[in-house]
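Visitor: What follows is structure.cif, made up of mmCIF, C-alpha atoms:
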data_model
loop_
_atom_site.label_atom_id
_atom_site.label_comp_id
_atom_site.auth_asym_id
_atom_site.auth_seq_id
_atom_site.Cartn_x
_atom_site.Cartn_y
_atom_site.Cartn_z
CA MET A 1 111.39 91.04 83.53
CA LYS A 2 110.73 94.77 83.74
CA ASP A 3 107.16 94.04 84.88
CA LEU A 4 108.47 91.82 87.70
CA SER A 5 110.80 94.51 89.09
CA VAL A 6 107.97 97.08 89.16
CA ARG A 7 105.83 94.60 91.09
CA THR A 8 108.71 93.95 93.48
CA ILE A 9 109.17 97.66 94.09
CA ILE A 10 105.44 98.16 94.67
CA ALA A 11 105.30 95.18 97.05
CA ALA A 12 108.34 96.45 98.95
CA ALA A 13 106.83 99.93 99.23
CA ALA A 14 103.53 98.51 100.50
CA LEU A 15 105.37 96.37 103.06
CA PHE A 16 107.35 99.42 104.19
CA LEU A 17 104.17 101.50 104.62
CA LEU A 18 102.48 98.73 106.59
CA THR A 19 105.53 98.32 108.81
CA ALA A 20 105.87 102.07 109.32
CA SER A 21 102.21 102.46 110.31
CA ALA A 22 102.47 99.51 112.71
CA MET A 23 105.60 101.01 114.23
CA ALA A 24 103.82 104.36 114.66
CA GLN A 25 101.21 102.56 116.75
CA THR A 26 103.77 100.75 118.94
CA PRO A 27 105.27 103.00 121.59
CA GLN A 28 108.94 102.91 122.41
CA LEU A 29 109.20 101.98 126.07
CA ASP A 30 111.88 103.00 128.50
CA PRO A 31 113.74 100.12 130.20
CA GLY A 32 111.50 98.53 132.84
CA GLU A 33 108.25 100.15 131.66
CA LYS A 34 105.24 97.88 131.29
CA LEU A 35 102.64 98.52 128.58
CA GLU A 36 98.97 98.10 129.40
CA LYS A 37 96.47 98.27 126.53
CA LEU A 38 93.17 99.89 127.46
CA GLN A 39 89.81 100.05 125.72
CA PHE A 40 87.83 103.28 125.66
CA PRO A 41 85.63 103.04 128.77
CA ALA A 42 81.84 103.22 128.77
CA VAL A 43 81.95 104.73 132.28
CA THR A 44 84.66 106.50 134.27
CA MET A 45 87.82 104.41 134.55
CA GLN A 46 90.40 104.96 137.28
CA LEU A 47 94.01 103.84 136.90
CA LYS A 48 96.22 103.81 139.97
CA GLY A 49 99.90 103.14 140.09
CA TRP A 50 103.35 104.12 141.15
CA THR A 51 105.68 105.95 138.84
CA LYS A 52 109.40 105.78 139.20
CA PHE A 53 112.13 105.75 136.65
CA GLY A 54 112.33 102.31 135.05
CA ASN A 55 109.42 100.57 136.77
CA SER A 56 106.11 102.13 135.87
CA HIS A 57 103.12 101.38 133.70
CA VAL A 58 102.29 103.24 130.50
CA TYR A 59 98.92 102.89 128.80
CA THR A 60 97.63 102.89 125.23
CA LEU A 61 94.10 104.17 124.69
CA PRO A 62 92.36 103.86 121.31
CA VAL A 63 90.11 106.85 120.62
CA ARG A 64 87.57 107.44 117.85
CA ALA A 65 86.57 110.62 116.09
CA GLY A 66 83.68 112.31 117.86
CA GLN A 67 84.31 110.86 121.32
CA HIS A 68 84.12 113.51 124.03
CA MET A 69 86.28 112.81 127.06
CA LYS A 70 88.17 114.15 130.03
CA ILE A 71 91.45 112.77 131.40
CA SER A 72 92.50 113.92 134.89
CA PHE A 73 95.78 113.22 136.68
CA SER A 74 96.52 113.48 140.38
CA SER A 75 99.46 112.64 142.61
CA LYS A 76 100.59 113.42 146.14
CA SER A 77 103.95 114.40 144.67
CA LYS A 78 104.54 117.71 142.95
CA PHE A 79 107.19 115.95 140.83
CA ALA A 80 104.87 113.37 139.18
CA PHE A 81 103.32 114.25 135.84
CA LEU A 82 101.35 112.79 132.93
CA ALA A 83 102.20 113.20 129.25
CA ILE A 84 99.82 112.17 126.44
CA PHE A 85 101.19 111.29 122.99
CA ASP A 86 99.37 110.55 119.73
CA LEU A 87 100.94 107.36 118.36
CA SER A 88 99.48 107.97 114.89
CA LYS A 89 101.73 111.04 114.52
CA PRO A 90 105.40 110.62 113.64
CA ASP A 91 106.69 113.24 116.09
CA ASP A 92 107.79 112.43 119.63
CA GLU A 93 106.20 115.48 121.26
CA ALA A 94 103.39 115.11 123.77
CA PHE A 95 100.27 117.04 122.80
CA PHE A 96 99.29 117.36 126.48
CA GLY A 97 101.37 117.41 129.64
CA THR A 98 100.28 118.13 133.20
CA ASP A 99 103.55 119.95 133.88
CA GLU A 100 102.49 122.78 131.54
CA ASP A 101 98.81 122.33 130.67
CA GLY A 102 97.12 121.72 134.04
CA MET A 103 95.92 118.55 135.72
CA SER A 104 93.05 117.69 133.36
CA PHE A 105 92.49 117.53 129.62
CA GLU A 106 89.03 117.71 128.05
CA THR A 107 88.51 117.28 124.31
CA THR A 108 86.37 116.00 121.51
CA VAL A 109 88.52 113.65 119.44
CA LYS A 110 88.99 114.86 115.87
CA GLU A 111 90.28 111.66 114.25
CA ASN A 112 90.75 107.98 115.09
CA ALA A 113 94.05 107.41 116.87
CA THR A 114 95.82 105.57 119.65
CA TRP A 115 97.08 107.68 122.52
CA LEU A 116 99.91 106.81 124.88
CA LEU A 117 99.38 107.90 128.49
CA ARG A 118 102.77 108.08 130.21
CA PRO A 119 102.90 108.97 133.92
CA TYR A 120 106.44 109.96 134.89
CA TYR A 121 108.50 111.19 137.79
CA SER A 122 110.59 114.23 136.93
CA LYS A 123 114.30 113.49 136.90
CA VAL A 124 115.39 117.13 136.88
CA SER A 125 113.58 118.30 140.01
CA PRO A 126 115.16 118.10 143.45
CA ARG A 127 113.19 115.43 145.23
CA ARG A 128 113.15 112.76 147.85
CA GLY A 129 112.33 109.15 147.18
CA LEU A 130 112.35 107.16 144.00
CA GLY A 131 108.83 107.69 142.77
CA ALA A 132 105.28 108.68 143.57
CA PRO A 133 101.75 107.25 143.55
CA PHE A 134 99.38 108.56 140.89
CA SER A 135 95.78 108.29 139.76
CA ILE A 136 94.40 108.80 136.25
CA LEU A 137 90.67 109.23 135.62
CA ILE A 138 89.37 108.67 132.11
CA GLU A 139 85.82 109.98 131.81
CA PRO A 140 83.71 109.58 128.69
CA LEU A 141 81.45 112.62 128.45
CA ALA A 142 78.25 113.24 126.59
CA ALA A 143 78.87 115.28 123.48
CA ALA A 144 78.57 118.97 124.14
CA PRO A 145 75.05 120.05 123.25
CA GLN A 146 74.94 122.19 120.17
CA GLN A 147 73.60 125.65 120.80
CA PRO A 148 70.55 126.33 118.68
CA LYS A 149 70.99 129.28 116.37
CA PRO A 150 68.81 132.17 117.44
CA ALA A 151 65.86 132.73 115.16
CA ALA A 152 65.93 135.96 113.23
CA GLU A 153 64.14 138.64 115.16
CA PRO A 154 60.89 139.74 113.57
CA GLU A 155 61.05 143.14 112.01
CA ARG A 156 59.79 145.80 114.35
CA PRO A 157 57.36 148.37 113.10
CA SER A 158 59.00 151.72 112.51
CA LEU A 159 57.66 155.23 112.85
CA PHE A 160 59.39 156.11 109.62
CA PRO A 161 58.38 154.38 106.40
CA LYS A 162 61.10 152.66 104.39
CA ALA A 163 62.33 154.47 101.37
CA PRO A 164 61.20 152.83 98.16
CA ALA A 165 63.89 150.87 96.39
CA LYS A 166 65.49 152.80 93.53
CA GLN A 167 65.02 151.31 90.13
#
Could you render the structure as structure tokens?

Guide:
Amino acid sequence: MKDLSVRTIIAAAALFLLTASAMAQTPQLDPGEKLEKLQFPAVTMQLKGWTKFGNSHVYTLPVRAGQHMKISFSSKSKFAFLAIFDLSKPDDEAFFGTDEDGMSFETTVKENATWLLRPYYSKVSPRRGLGAPFSILIEPLAAAPQQPKPAAEPERPSLFPKAPAKQ
């Protein structure tokens, strides 16, 4: 009987971990948002849309360790922004946002993950209209070439002989 309860606890813990990891990969959407699942592009991919509270698209993008990429955001509105979240992390903070970090993000991915790209229209800014058009460019880049280490410079002849090593 004792053996059965240990198995039950282990099975329940495994189920909890599987459920928790699946939930970490599923973004929580705002009412009216539509999720579009992307694949990492082989060539530059352009996403166009309209962001307004409650009726915009959000995108998931699986990334792999070692991929080098650039994500650029543009909009005619100064109140439209892009936030990028790592769904494999438990926190709700974006690791990149165009409101603070500039309009493009270039990186070499450090670990496999799924990112959530969320274009949004700022609710706190004074504005006209209910939303704004946007464009997102996802560009796979060639890995940054590694700089060769400079070869050690050959020793130059000196006018003064080296002192013999003390023994």

Visitor: Please indicate the distance in Å from atom CA of Ser72 of chain A to atom CA of Thr98 of chain A, rounded to one decimal place.

Guide: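 Between atom CA of Ser72 of chain A and atom CA of Thr98 of chain A the gap is 9.0 Å.
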
Visitor: Report, in Å with one decimal, the straight-line distance from atom CA of Leu116 of chain A to atom CA of Ser74 of chain A.

Guide: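 Between these atoms lies a distance of 17.2 Å.
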
Visitor: Please, what distance in Å, to one decimal, runs between atom CA of Pro41 of chain A and atom CA of Thr26 of chain A?

Guide: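 For atom CA of Pro41 of chain A relative to atom CA of Thr26 of chain A, the distance reads 20.8 Å.
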
Visitor: Could you spell out the hits of the PyMOL selection byres ((chain A and resi 31-34) around 7) on the shown file, as a list in words?

Guide: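 Here the PyMOL selection byres ((chain A and resi 31-34) around 7) matches Leu29, Asp30, Leu35, Glu36, Gly54, Asn55, Ser56, His57 and Val58 of chain A.
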
Visitor: List the residues selected by the PyMOL selection byres ((chain A and resi 65) around 10) in the file shown, writing them as a PyMOL selection string.

Guide: chain A and resi 63-64+66-68+108-113

Visitor: Smallest atom-to-atom distance to Pro119 of chain A: which of A:Leu82, A:Ile138, A:Ile71, A:Ala42, using all atoms listed in the file?

Guide: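 Smallest distance to Pro119 of chain A is found for A:Leu82.
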
Visitor: On this structure, the PyMOL selection byres ((chain A and resi 103) around 10) would catch which residues? List them as a list in words, sorted by chain and number.

Guide: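 When the PyMOL selection byres ((chain A and resi 103) around 10) is applied, the selected residues are Ile71, Ser72, Phe73, Ser74, Ser75, Phe81, Leu82, Phe96, Gly97, Thr98, Asp99, Glu100, Asp101, Gly102, Ser104, Phe105 and Ile136 of chain A.
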
Visitor: Here is a test: counting all atoms listed in the file, which residue of A:Thr60, A:Ser135, A:Ser88, A:Ser122 is nearest to Leu38 of chain A?

Guide: A:Thr60
